[in-house]
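Asker: PDB, C-alpha atoms and all ligand atoms, saved as target_13.pdb, coming up:
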ATOM      1  CA  MET A 179      -3.082  16.696  26.267
ATOM      2  CA  SER A 180      -3.409  18.113  22.783
ATOM      3  CA  ARG A 181      -6.435  16.890  20.847
ATOM      4  CA  GLY A 182      -5.695  13.930  18.617
ATOM      5  CA  SER A 183      -2.785  12.494  20.622
ATOM      6  CA  GLY A 184      -4.745  10.358  23.097
ATOM      7  CA  LEU A 185      -6.650   7.117  22.809
ATOM      8  CA  HIS A 186     -10.189   6.590  21.732
ATOM      9  CA  VAL A 187     -11.648   3.933  24.020
ATOM     10  CA  ALA A 188     -15.150   2.609  23.409
ATOM     11  CA  ILE A 189     -16.979   0.452  25.944
ATOM     12  CA  ILE A 190     -19.918  -1.912  25.644
ATOM     13  CA  MET A 191     -21.136  -1.804  29.223
ATOM     14  CA  ASP A 192     -22.647  -5.249  29.670
ATOM     15  CA  GLY A 193     -23.755  -7.323  32.645
ATOM     16  CA  ASN A 194     -25.924  -4.980  34.703
ATOM     17  CA  GLY A 195     -28.809  -7.453  34.720
ATOM     18  CA  ARG A 196     -26.637 -10.391  35.790
ATOM     19  CA  TRP A 197     -25.010  -8.289  38.517
ATOM     20  CA  ALA A 198     -28.469  -7.553  39.916
ATOM     21  CA  ARG A 199     -29.680 -11.157  39.569
ATOM     22  CA  GLU A 200     -26.659 -12.466  41.477
ATOM     23  CA  ARG A 201     -27.774 -10.245  44.356
ATOM     24  CA  GLY A 202     -31.467 -11.024  44.108
ATOM     25  CA  LEU A 203     -32.170  -7.429  43.067
ATOM     26  CA  PRO A 204     -34.323  -6.047  40.243
ATOM     27  CA  ARG A 205     -32.472  -5.408  36.969
ATOM     28  CA  THR A 206     -32.917  -1.677  37.382
ATOM     29  CA  ARG A 207     -30.678  -1.785  40.457
ATOM     30  CA  GLY A 208     -27.983  -3.231  38.201
ATOM     31  CA  HIS A 209     -28.357  -0.279  35.850
ATOM     32  CA  ARG A 210     -28.078   2.092  38.800
ATOM     33  CA  ALA A 211     -24.851   0.416  39.871
ATOM     34  CA  GLY A 212     -23.789   0.669  36.211
ATOM     35  CA  ALA A 213     -24.199   4.440  36.334
ATOM     36  CA  ALA A 214     -21.766   4.542  39.272
ATOM     37  CA  ALA A 215     -19.256   2.604  37.146
ATOM     38  CA  VAL A 216     -19.681   5.234  34.419
ATOM     39  CA  ARG A 217     -18.597   7.885  36.920
ATOM     40  CA  ARG A 218     -15.508   5.835  37.833
ATOM     41  CA  VAL A 219     -14.305   5.365  34.258
ATOM     42  CA  VAL A 220     -14.945   8.999  33.339
ATOM     43  CA  GLU A 221     -12.845  10.004  36.337
ATOM     44  CA  ALA A 222     -10.010   7.583  35.503
ATOM     45  CA  SER A 223      -9.851   8.161  31.743
ATOM     46  CA  PRO A 224      -7.793  11.371  31.381
ATOM     47  CA  GLY A 225      -5.047   9.991  33.665
ATOM     48  CA  LEU A 226      -4.733   6.902  31.455
ATOM     49  CA  GLY A 227      -4.189   8.757  28.210
ATOM     50  CA  VAL A 228      -7.783   8.377  27.081
ATOM     51  CA  GLU A 229      -8.847  11.383  25.074
ATOM     52  CA  THR A 230     -12.173  10.111  23.778
ATOM     53  CA  LEU A 231     -14.445   7.743  25.675
ATOM     54  CA  THR A 232     -17.512   6.401  23.912
ATOM     55  CA  LEU A 233     -20.037   4.516  26.031
ATOM     56  CA  TYR A 234     -22.847   2.356  24.658
ATOM     57  CA  ALA A 235     -25.603   3.441  27.035
ATOM     58  CA  PHE A 236     -28.692   2.422  25.050
ATOM     59  CA  SER A 237     -28.778   0.665  21.689
ATOM     60  CA  ALA A 238     -31.481   1.129  19.083
ATOM     61  CA  ASP A 239     -32.414  -2.500  19.821
ATOM     62  CA  ASN A 240     -32.823  -1.830  23.550
ATOM     63  CA  TRP A 241     -36.301  -0.405  22.827
ATOM     64  CA  LYS A 242     -37.349  -4.072  22.579
ATOM     65  CA  ARG A 243     -36.887  -4.489  26.342
ATOM     66  CA  PRO A 244     -39.939  -4.441  28.627
ATOM     67  CA  ARG A 245     -41.383  -0.939  28.952
ATOM     68  CA  PRO A 246     -40.639  -0.588  32.692
ATOM     69  CA  GLU A 247     -36.944  -1.341  32.076
ATOM     70  CA  VAL A 248     -36.768   1.117  29.154
ATOM     71  CA  ASN A 249     -38.425   3.774  31.312
ATOM     72  CA  ALA A 250     -36.035   3.096  34.176
ATOM     73  CA  LEU A 251     -33.032   3.413  31.838
ATOM     74  CA  MET A 252     -34.356   6.683  30.425
ATOM     75  CA  ARG A 253     -34.929   8.008  33.953
ATOM     76  CA  LEU A 254     -31.388   7.006  34.881
ATOM     77  CA  LEU A 255     -29.899   8.680  31.812
ATOM     78  CA  HIS A 256     -31.904  11.796  32.535
ATOM     79  CA  ARG A 257     -30.743  11.842  36.143
ATOM     80  CA  TYR A 258     -27.115  11.249  35.130
ATOM     81  CA  LEU A 259     -27.204  14.114  32.623
ATOM     82  CA  ARG A 260     -28.885  16.475  35.064
ATOM     83  CA  THR A 261     -26.830  15.669  38.138
ATOM     84  CA  GLU A 262     -23.398  15.077  36.587
ATOM     85  CA  THR A 263     -23.127  18.064  34.271
ATOM     86  CA  ALA A 264     -21.538  20.364  36.871
ATOM     87  CA  GLU A 265     -18.997  17.657  37.721
ATOM     88  CA  LEU A 266     -18.255  17.104  34.017
ATOM     89  CA  VAL A 267     -17.632  20.829  33.556
ATOM     90  CA  GLU A 268     -15.353  20.773  36.603
ATOM     91  CA  ARG A 269     -13.370  17.870  35.179
ATOM     92  CA  GLY A 270     -13.048  19.446  31.724
ATOM     93  CA  VAL A 271     -15.188  16.760  30.099
ATOM     94  CA  ARG A 272     -16.952  17.632  26.866
ATOM     95  CA  LEU A 273     -20.092  15.577  26.407
ATOM     96  CA  LYS A 274     -21.601  14.635  23.085
ATOM     97  CA  LEU A 275     -24.629  12.532  22.279
ATOM     98  CA  LEU A 276     -24.354   9.871  19.569
ATOM     99  CA  GLY A 277     -27.355   8.231  17.976
ATOM    100  CA  ARG A 278     -30.866   9.126  16.925
ATOM    101  CA  ARG A 279     -32.380  12.080  18.706
ATOM    102  CA  ASP A 280     -35.916  11.904  17.361
ATOM    103  CA  ARG A 281     -37.153   8.971  19.476
ATOM    104  CA  LEU A 282     -35.821  10.031  22.875
ATOM    105  CA  PRO A 283     -38.194  11.258  25.568
ATOM    106  CA  THR A 284     -38.200  15.069  25.331
ATOM    107  CA  ARG A 285     -36.741  15.575  28.780
ATOM    108  CA  VAL A 286     -33.839  13.189  28.117
ATOM    109  CA  LEU A 287     -33.050  14.972  24.854
ATOM    110  CA  LYS A 288     -33.299  18.363  26.538
ATOM    111  CA  ALA A 289     -30.991  17.274  29.367
ATOM    112  CA  ALA A 290     -28.487  15.922  26.820
ATOM    113  CA  VAL A 291     -28.548  19.076  24.695
ATOM    114  CA  ASP A 292     -28.150  21.222  27.828
ATOM    115  CA  ALA A 293     -25.219  19.063  28.947
ATOM    116  CA  GLU A 294     -23.609  19.306  25.500
ATOM    117  CA  HIS A 295     -23.915  23.056  25.686
ATOM    118  CA  ALA A 296     -22.686  23.401  29.272
ATOM    119  CA  THR A 297     -19.644  21.177  28.682
ATOM    120  CA  ARG A 298     -18.702  22.487  25.227
ATOM    121  CA  ASP A 299     -15.375  23.978  26.367
ATOM    122  CA  GLY A 300     -14.122  20.831  28.096
ATOM    123  CA  ASP A 301     -10.654  19.893  26.880
ATOM    124  CA  HIS A 302      -9.585  16.974  29.110
ATOM    125  CA  LEU A 303     -11.887  14.278  27.794
ATOM    126  CA  ASP A 304     -14.450  13.862  25.034
ATOM    127  CA  LEU A 305     -17.243  11.742  26.458
ATOM    128  CA  GLN A 306     -19.607  10.384  23.840
ATOM    129  CA  LEU A 307     -22.792   8.795  25.081
ATOM    130  CA  ALA A 308     -24.351   6.497  22.514
ATOM    131  CA  ILE A 309     -28.091   6.527  23.176
ATOM    132  CA  ASP A 310     -30.606   5.044  20.728
ATOM    133  CA  TYR A 311     -27.509   4.204  18.724
ATOM    134  CA  SER A 312     -27.111   1.749  15.848
ATOM    135  CA  ALA A 313     -23.939   1.691  13.758
ATOM    136  CA  ARG A 314     -25.843   0.364  10.753
ATOM    137  CA  ASP A 315     -28.290   3.210  11.070
ATOM    138  CA  ALA A 316     -25.379   5.692  11.290
ATOM    139  CA  LEU A 317     -23.889   4.200   8.109
ATOM    140  CA  VAL A 318     -27.191   4.401   6.275
ATOM    141  CA  ARG A 319     -27.574   8.046   7.298
ATOM    142  CA  ALA A 320     -24.015   8.807   6.151
ATOM    143  CA  ALA A 321     -24.764   7.176   2.800
ATOM    144  CA  GLU A 322     -27.909   9.300   2.564
ATOM    145  CA  LEU A 323     -25.799  12.420   3.140
ATOM    146  CA  LEU A 324     -23.672  11.382   0.160
ATOM    147  CA  ARG A 325     -26.653  10.758  -2.097
ATOM    148  CA  GLY A 326     -26.861  13.473  -4.686
ATOM    149  CA  SER A 327     -23.236  14.448  -4.207
ATOM    150  CA  GLN A 328     -20.667  13.324  -6.726
ATOM    151  CA  VAL A 329     -19.775  10.068  -4.977
ATOM    152  CA  PRO A 330     -16.242   9.210  -6.088
ATOM    153  CA  VAL A 331     -15.852   5.799  -7.714
ATOM    154  CA  CYS A 332     -12.274   5.412  -6.527
ATOM    155  CA  PRO A 333     -12.455   3.265  -3.320
ATOM    156  CA  ASP A 334     -10.022   5.446  -1.354
ATOM    157  CA  ARG A 335     -11.911   8.601  -2.158
ATOM    158  CA  PHE A 336     -15.233   6.929  -1.418
ATOM    159  CA  THR A 337     -13.897   5.809   1.977
ATOM    160  CA  HIS A 338     -12.759   9.347   2.669
ATOM    161  CA  ALA A 339     -16.137  10.789   1.652
ATOM    162  CA  LEU A 340     -18.010   8.287   3.819
ATOM    163  CA  SER A 341     -15.719   9.035   6.788
ATOM    164  CA  ARG A 342     -16.491  12.699   6.419
ATOM    165  CA  ALA A 343     -20.205  11.965   6.233
ATOM    166  CA  MET A 344     -19.923   9.849   9.412
ATOM    167  CA  ASN A 345     -18.098  12.702  11.143
ATOM    168  CA  ALA A 346     -20.747  15.149   9.986
ATOM    169  CA  GLN A 347     -23.266  13.330  12.179
ATOM    170  CA  GLY A 348     -21.030  13.356  15.211
ATOM    171  CA  ALA A 349     -19.428   9.945  14.871
ATOM    172  CA  PRO A 350     -15.955   9.944  16.331
ATOM    173  CA  ARG A 351     -12.553   9.180  15.001
ATOM    174  CA  ASP A 352     -11.399   5.582  14.750
ATOM    175  CA  VAL A 353     -11.583   3.515  17.912
ATOM    176  CA  ASP A 354      -8.230   2.371  19.321
ATOM    177  CA  LEU A 355      -9.518   0.078  22.044
ATOM    178  CA  LEU A 356     -12.923  -1.569  22.329
ATOM    179  CA  ILE A 357     -13.804  -3.075  25.694
ATOM    180  CA  ARG A 358     -16.800  -5.300  26.374
ATOM    181  CA  THR A 359     -17.565  -6.452  29.877
ATOM    182  CA  SER A 360     -19.408  -9.516  31.233
ATOM    183  CA  GLY A 361     -17.705 -12.161  29.087
ATOM    184  CA  GLU A 362     -19.732 -11.492  25.945
ATOM    185  CA  GLU A 363     -17.641 -11.172  22.793
ATOM    186  CA  ARG A 364     -19.563  -9.387  20.078
ATOM    187  CA  LEU A 365     -19.964  -5.902  18.667
ATOM    188  CA  SER A 366     -23.769  -5.608  18.794
ATOM    189  CA  ASP A 367     -24.056  -2.904  16.129
ATOM    190  CA  PHE A 368     -21.648  -0.537  17.928
ATOM    191  CA  LEU A 369     -19.220   1.693  15.956
ATOM    192  CA  LEU A 370     -18.845  -0.814  13.098
ATOM    193  CA  TRP A 371     -17.074   1.687  10.860
ATOM    194  CA  GLU A 372     -14.866   3.222  13.548
ATOM    195  CA  CYS A 373     -13.727  -0.178  14.884
ATOM    196  CA  ALA A 374     -12.129  -1.225  11.578
ATOM    197  CA  TYR A 375      -8.689  -1.483  13.247
ATOM    198  CA  ALA A 376      -9.657  -1.413  16.910
ATOM    199  CA  GLU A 377      -8.016  -3.723  19.416
ATOM    200  CA  PHE A 378     -10.607  -5.709  21.368
ATOM    201  CA  VAL A 379     -10.389  -6.496  25.072
ATOM    202  CA  PHE A 380     -13.077  -8.698  26.573
ATOM    203  CA  THR A 381     -13.325  -9.050  30.312
ATOM    204  CA  PRO A 382     -15.552 -11.300  32.445
ATOM    205  CA  THR A 383     -16.066  -8.446  34.919
ATOM    206  CA  LEU A 384     -19.696  -7.348  35.053
ATOM    207  CA  TRP A 385     -20.104  -3.672  34.230
ATOM    208  CA  PRO A 386     -21.221  -2.520  37.723
ATOM    209  CA  ASP A 387     -17.974  -3.977  39.124
ATOM    210  CA  PHE A 388     -15.810  -2.241  36.526
ATOM    211  CA  GLY A 389     -13.599   0.615  37.708
ATOM    212  CA  GLY A 390     -10.504   2.675  37.064
ATOM    213  CA  GLU A 391      -8.156  -0.273  37.702
ATOM    214  CA  ASP A 392      -9.971  -2.435  35.154
ATOM    215  CA  LEU A 393      -9.693   0.348  32.621
ATOM    216  CA  GLU A 394      -6.005   0.702  33.409
ATOM    217  CA  ARG A 395      -5.474  -3.045  32.847
ATOM    218  CA  ALA A 396      -7.268  -2.921  29.511
ATOM    219  CA  VAL A 397      -5.167   0.060  28.404
ATOM    220  CA  GLU A 398      -2.012  -1.843  29.411
ATOM    221  CA  VAL A 399      -3.120  -4.840  27.318
ATOM    222  CA  PHE A 400      -3.742  -2.459  24.434
ATOM    223  CA  HIS A 401      -0.232  -1.002  24.697
ATOM    224  CA  ARG A 402       1.313  -4.490  24.603
ATOM    225  CA  ARG A 403      -0.458  -5.283  21.352
ATOM    226  CA  GLU A 404       1.275  -4.610  18.070
ATOM    227  CA  ARG A 405      -0.936  -2.706  15.667
ATOM    228  CA  ARG A 406       0.035  -3.436  12.093
ATOM    229  CA  PHE A 407      -2.976  -2.020  10.223
ATOM    230  CA  GLY A 408      -2.507  -4.748   7.610
ATOM    231  CA  GLY A 409       1.228  -4.107   7.253
ATOM    232  CA  LEU A 410       4.132  -6.165   8.548
ATOM    233  CA  SER A 411       5.601  -6.283  12.019
ATOM    234  CA  THR A 412       8.146  -3.593  12.780
ATOM    235  CA  ARG A 413       9.253  -5.345  15.960
ATOM    236  CA  PRO A 414      12.628  -7.091  15.905
ATOM    237  CA  ALA A 415      12.182 -10.871  15.534
ATOM    238  CA  ALA A 416      12.786 -12.787  18.795
ATOM    239  CA  ALA A 417      16.271 -14.298  18.984
ATOM    240  CA  GLY A 418      16.545 -18.071  18.547
TER     241      GLY A 418
HETATM  242  C1  LIG B 501     -26.271  -3.934  29.392
HETATM  243  O1  LIG B 501     -26.484  -4.763  30.506
HETATM  244  C2  LIG B 501     -26.453  -2.548  29.770
HETATM  245  C3  LIG B 501     -27.383  -1.706  29.237
HETATM  246  C4  LIG B 501     -28.333  -2.120  28.203
HETATM  247  C5  LIG B 501     -27.522  -0.322  29.698
HETATM  248  C6  LIG B 501     -26.275   0.409  30.020
HETATM  249  C7  LIG B 501     -26.607   1.469  31.007
HETATM  250  C8  LIG B 501     -25.851   1.825  32.064
HETATM  251  C9  LIG B 501     -24.514   1.304  32.305
HETATM  252  C10 LIG B 501     -26.326   2.772  33.090
HETATM  253  C11 LIG B 501     -26.669   4.134  32.678
HETATM  254  C12 LIG B 501     -25.679   4.799  31.808
HETATM  255  C13 LIG B 501     -25.224   6.053  31.998
HETATM  256  C14 LIG B 501     -24.371   6.671  30.961
HETATM  257  C15 LIG B 501     -25.503   6.826  33.195
HETATM  258  P1  LIG B 501     -27.690  -5.806  30.457
HETATM  259  O2  LIG B 501     -28.881  -5.163  31.037
HETATM  260  O3  LIG B 501     -27.867  -6.324  29.072
HETATM  261  O4  LIG B 501     -27.121  -6.911  31.400
HETATM  262  P2  LIG B 501     -27.326  -8.493  31.265
HETATM  263  O5  LIG B 501     -26.750  -8.904  29.939
HETATM  264  O6  LIG B 501     -26.553  -9.042  32.428
HETATM  265  O7  LIG B 501     -28.805  -8.753  31.367
END
So, in terms of structure tokens, how does the structure I just supplied come out?
Answerer:
Amino acid sequence: MSRGSGLHVAIIMDGNGRWARERGLPRTRGHRAGAAAVRRVVEASPGLGVETLTLYAFSADNWKRPRPEVNALMRLLHRYLRTETAELVERGVRLKLLGRRDRLPTRVLKAAVDAEHATRDGDHLDLQLAIDYSARDALVRAAELLRGSQVPVCPDRFTHALSRAMNAQGAPRDVDLLIRTSGEERLSDFLLWECAYAEFVFTPTLWPDFGGEDLERAVEVFHRRERRFGGLSTRPAAAG
């Protein structure tokens, strides 16, 4: 697949805690099962025409969770990065970290940077892990990058300049399809700028139960949608 021709799918992986509670297990077991679901969607993505996959692994607001849960999530992310890198290289996956880097535990940051380096030549899938991510924060930082430059007053040129500033900090191209699991229907400060024209698919499936077939269904729903980007329908009107 040549770069730029495939879909950008972004996923808010929600419902780990409820999955665990339903089984009488600690929440951290739900996160562990969630990491297995990450492996499944990474594996399925290239075959479904997904070129970029952005996963919301830890939001800037998730620091508010109890310390033991935050620590468990950081341990899990560290383990994923350390143990999956070889597999990612094998699958041609290029990994990139999105979000703030200055508040992450050193070993998590080091594992992420090592994984970015090891996978840099991957050309089957761009996997973006959003960790300590906040879209508002990303927008503020992009605006800061523009400060001092000749910010164009013309709205189109300003939009272009801001897009470039967002890209400069590793934010991806526009999202085509945004999926949120577990029945919740909100964006929770995820890719606010990039989702301007995204199609949304919400599914009641809890994240640890999500797999390649669920992703395939969501992509099918996406392909049935008509994207007009504010224009008019180009589909022939139904007869009668
Ligand atoms: C939301 O479920 C999920 C998270 C805050 C963490 C997401 C992390 C993973 C899927 C596992 C690790 C990720 C990688 C990339 C290996 P929740 O805890 O809010 O669930 P609840 O709403 O049912 O309580």
Asker: Using all atoms listed in the file for the distances, tell me which of A:Leu254, A:Val228, A:Ala296, A:Cys373 is nearest to Ala213 (chain A).
Answerer: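 Looking at the shortest contact to Ala213 (chain A), the residue is A:Leu254.
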Asker: Could you list, as a PyMOL selection string, every residue matched by the PyMOL selection byres (((not hetatm)) within 7 of (chain B and resi 501)) in this structure?
Answerer: chain A and resi 191-197+205+209-210+212-213+216+233-236+240+251+254-255+258+307+385
Asker: If you keep C-alpha atoms, can you produce a file of those selected residues as a PDB file, in the coordinates of the input?
Answerer:
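Saved to out.pdb:
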ATOM      1  CA  MET A 191     -21.136  -1.804  29.223  1.00  0.00           C
ATOM      2  CA  ASP A 192     -22.647  -5.249  29.670  1.00  0.00           C
ATOM      3  CA  GLY A 193     -23.755  -7.323  32.645  1.00  0.00           C
ATOM      4  CA  ASN A 194     -25.924  -4.980  34.703  1.00  0.00           C
ATOM      5  CA  GLY A 195     -28.809  -7.453  34.720  1.00  0.00           C
ATOM      6  CA  ARG A 196     -26.637 -10.391  35.790  1.00  0.00           C
ATOM      7  CA  TRP A 197     -25.010  -8.289  38.517  1.00  0.00           C
ATOM      8  CA  ARG A 205     -32.472  -5.408  36.969  1.00  0.00           C
ATOM      9  CA  HIS A 209     -28.357  -0.279  35.850  1.00  0.00           C
ATOM     10  CA  ARG A 210     -28.078   2.092  38.800  1.00  0.00           C
ATOM     11  CA  GLY A 212     -23.789   0.669  36.211  1.00  0.00           C
ATOM     12  CA  ALA A 213     -24.199   4.440  36.334  1.00  0.00           C
ATOM     13  CA  VAL A 216     -19.681   5.234  34.419  1.00  0.00           C
ATOM     14  CA  LEU A 233     -20.037   4.516  26.031  1.00  0.00           C
ATOM     15  CA  TYR A 234     -22.847   2.356  24.658  1.00  0.00           C
ATOM     16  CA  ALA A 235     -25.603   3.441  27.035  1.00  0.00           C
ATOM     17  CA  PHE A 236     -28.692   2.422  25.050  1.00  0.00           C
ATOM     18  CA  ASN A 240     -32.823  -1.830  23.550  1.00  0.00           C
ATOM     19  CA  LEU A 251     -33.032   3.413  31.838  1.00  0.00           C
ATOM     20  CA  LEU A 254     -31.388   7.006  34.881  1.00  0.00           C
ATOM     21  CA  LEU A 255     -29.899   8.680  31.812  1.00  0.00           C
ATOM     22  CA  TYR A 258     -27.115  11.249  35.130  1.00  0.00           C
ATOM     23  CA  LEU A 307     -22.792   8.795  25.081  1.00  0.00           C
ATOM     24  CA  TRP A 385     -20.104  -3.672  34.230  1.00  0.00           C
TER      25      TRP A 385
END
Asker: Interatomic distance between CA of Lys242 (chain A) and CA of Asp367 (chain A)?
Answerer: 14.8 Å
Asker: Interatomic distance between CA of Glu294 (chain A) and CA of Trp241 (chain A)?
Answerer: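 CA of Trp241 (chain A) lies at a distance of 23.6 Å from CA of Glu294 (chain A).
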Asker: With the PyMOL selection byres (((chain A and resi 287) around 12) and not hetatm) as the selection, what would be picked from this file? Answer as number ranges by chain, please.
Answerer: A: 252-253, 255-257, 259-260, 274-286, 288-294, 307, 309-310
Asker: Here is a test: counting only C-alpha atoms, which residue of A:Ala308, A:Met344, A:Leu303, A:Ile189 is nearest to Gly227 (chain A)?
Answerer: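 The closest residue to Gly227 (chain A) is A:Leu303.
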Asker: Using CA of Glu221 (chain A) and CA of Leu266 (chain A) as the two end points, give the distance in Å to one decimal.
Answerer: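 So the answer is 9.2 Å.
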Asker: Around (-32.0, -0.4, 17.6) in the file's own coordinates, what residues are found within 6 Å if you use all atoms listed in the file, given back as a PyMOL selection string?
Answerer: chain A and resi 237-239+312
Asker: Expanded to explicit residues, what is the PyMOL selection byres (((chain A and resi 404-410) around 10) and not hetatm) for this file, as a list in words?
Answerer: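 In the shown coordinates, the PyMOL selection byres (((chain A and resi 404-410) around 10) and not hetatm) covers Asp354, Ala374, Tyr375, Ala376, Glu377, Phe400, His401, Arg402, Arg403, Ser411, Thr412 and Arg413 of chain A.
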Asker: With only C-alpha atoms as the atoms that count, which of A:Thr383, A:Gln306, A:Ser183, A:Thr232 lies nearest to Leu356 (chain A)?
Answerer: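 Closest to Leu356 (chain A) of all the choices is A:Thr232.
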Asker: May I have the protein, DNA and RNA residues with an atom at most 12 Å from (-20.1, -11.8, 23.8), counting only C-alpha atoms in the file's coordinates, returned as a ChimeraX atom specification?
Answerer: /A:190-193,357-366,378-382
Asker: Restricting it to C-alpha atoms, dump the selection as a PDB file, in the frame of the given file.
Answerer:
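And here's out_38.pdb as it stands now:
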ATOM      1  CA  ILE A 190     -19.918  -1.912  25.644  1.00  0.00           C
ATOM      2  CA  MET A 191     -21.136  -1.804  29.223  1.00  0.00           C
ATOM      3  CA  ASP A 192     -22.647  -5.249  29.670  1.00  0.00           C
ATOM      4  CA  GLY A 193     -23.755  -7.323  32.645  1.00  0.00           C
ATOM      5  CA  ILE A 357     -13.804  -3.075  25.694  1.00  0.00           C
ATOM      6  CA  ARG A 358     -16.800  -5.300  26.374  1.00  0.00           C
ATOM      7  CA  THR A 359     -17.565  -6.452  29.877  1.00  0.00           C
ATOM      8  CA  SER A 360     -19.408  -9.516  31.233  1.00  0.00           C
ATOM      9  CA  GLY A 361     -17.705 -12.161  29.087  1.00  0.00           C
ATOM     10  CA  GLU A 362     -19.732 -11.492  25.945  1.00  0.00           C
ATOM     11  CA  GLU A 363     -17.641 -11.172  22.793  1.00  0.00           C
ATOM     12  CA  ARG A 364     -19.563  -9.387  20.078  1.00  0.00           C
ATOM     13  CA  LEU A 365     -19.964  -5.902  18.667  1.00  0.00           C
ATOM     14  CA  SER A 366     -23.769  -5.608  18.794  1.00  0.00           C
ATOM     15  CA  PHE A 378     -10.607  -5.709  21.368  1.00  0.00           C
ATOM     16  CA  VAL A 379     -10.389  -6.496  25.072  1.00  0.00           C
ATOM     17  CA  PHE A 380     -13.077  -8.698  26.573  1.00  0.00           C
ATOM     18  CA  THR A 381     -13.325  -9.050  30.312  1.00  0.00           C
ATOM     19  CA  PRO A 382     -15.552 -11.300  32.445  1.00  0.00           C
TER      20      PRO A 382
END
Asker: Under the rule that all atoms listed in the file are counted, which of A:Ala313, A:Leu231, A:Val399, A:Cys332 is the nearest residue to Leu185 (chain A)?
Answerer: A:Leu231
Asker: Considering all atoms listed in the file, return as a VMD selection string whatever protein or nucleic-acid residues lie within 9 Å of Leu340 (chain A), sequence-local ones (same chain, fewer than 2 positions apart) excluded.
Answerer: chain A and resid 317 320 to 321 323 to 324 335 to 338 342 to 345
Asker: Using all atoms listed in the file, can you tell me which of A:Arg314, A:Arg217, A:Arg201, A:Arg243 comes closest to Gly389 (chain A)?
Answerer: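 Closest residue, counting all atoms listed in the file: A:Arg217.
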Asker: Starting from the sparse input, extend region 255-269 of chain A to N, CA and C atoms and give the output as an mmCIF file, in the frame of the given file.
Answerer:
data_model
loop_
_atom_site.group_PDB
_atom_site.id
_atom_site.type_symbol
_atom_site.label_atom_id
_atom_site.label_comp_id
_atom_site.auth_asym_id
_atom_site.auth_seq_id
_atom_site.Cartn_x
_atom_site.Cartn_y
_atom_site.Cartn_z
ATOM 1 N N LEU A 255 -30.695 7.832 32.711
ATOM 2 C CA LEU A 255 -29.899 8.680 31.812
ATOM 3 C C LEU A 255 -30.210 10.150 32.067
ATOM 4 N N HIS A 256 -31.494 10.426 32.259
ATOM 5 C CA HIS A 256 -31.904 11.796 32.535
ATOM 6 C C HIS A 256 -31.242 12.285 33.825
ATOM 7 N N ARG A 257 -31.314 11.437 34.855
ATOM 8 C CA ARG A 257 -30.743 11.842 36.143
ATOM 9 C C ARG A 257 -29.232 12.047 36.028
ATOM 10 N N TYR A 258 -28.567 11.114 35.310
ATOM 11 C CA TYR A 258 -27.115 11.249 35.130
ATOM 12 C C TYR A 258 -26.793 12.583 34.465
ATOM 13 N N LEU A 259 -27.502 12.884 33.380
ATOM 14 C CA LEU A 259 -27.204 14.114 32.623
ATOM 15 C C LEU A 259 -27.462 15.346 33.479
ATOM 16 N N ARG A 260 -28.547 15.310 34.250
ATOM 17 C CA ARG A 260 -28.885 16.475 35.064
ATOM 18 C C ARG A 260 -27.947 16.652 36.263
ATOM 19 N N THR A 261 -27.601 15.524 36.896
ATOM 20 C CA THR A 261 -26.830 15.669 38.138
ATOM 21 C C THR A 261 -25.321 15.697 37.903
ATOM 22 N N GLU A 262 -24.856 15.166 36.778
ATOM 23 C CA GLU A 262 -23.398 15.077 36.587
ATOM 24 C C GLU A 262 -22.813 16.235 35.799
ATOM 25 N N THR A 263 -23.664 17.048 35.178
ATOM 26 C CA THR A 263 -23.127 18.064 34.271
ATOM 27 C C THR A 263 -22.119 18.986 34.964
ATOM 28 N N ALA A 264 -22.449 19.440 36.172
ATOM 29 C CA ALA A 264 -21.538 20.364 36.871
ATOM 30 C C ALA A 264 -20.180 19.701 37.096
ATOM 31 N N GLU A 265 -20.227 18.423 37.481
ATOM 32 C CA GLU A 265 -18.997 17.657 37.721
ATOM 33 C C GLU A 265 -18.198 17.497 36.409
ATOM 34 N N LEU A 266 -18.928 17.258 35.318
ATOM 35 C CA LEU A 266 -18.255 17.104 34.017
ATOM 36 C C LEU A 266 -17.550 18.403 33.629
ATOM 37 N N VAL A 267 -18.235 19.526 33.866
ATOM 38 C CA VAL A 267 -17.632 20.829 33.556
ATOM 39 C C VAL A 267 -16.360 20.996 34.387
ATOM 40 N N GLU A 268 -16.485 20.673 35.674
ATOM 41 C CA GLU A 268 -15.353 20.773 36.603
ATOM 42 C C GLU A 268 -14.156 19.954 36.128
ATOM 43 N N ARG A 269 -14.445 18.775 35.608
ATOM 44 C CA ARG A 269 -13.370 17.870 35.179
ATOM 45 C C ARG A 269 -12.892 18.152 33.760
#
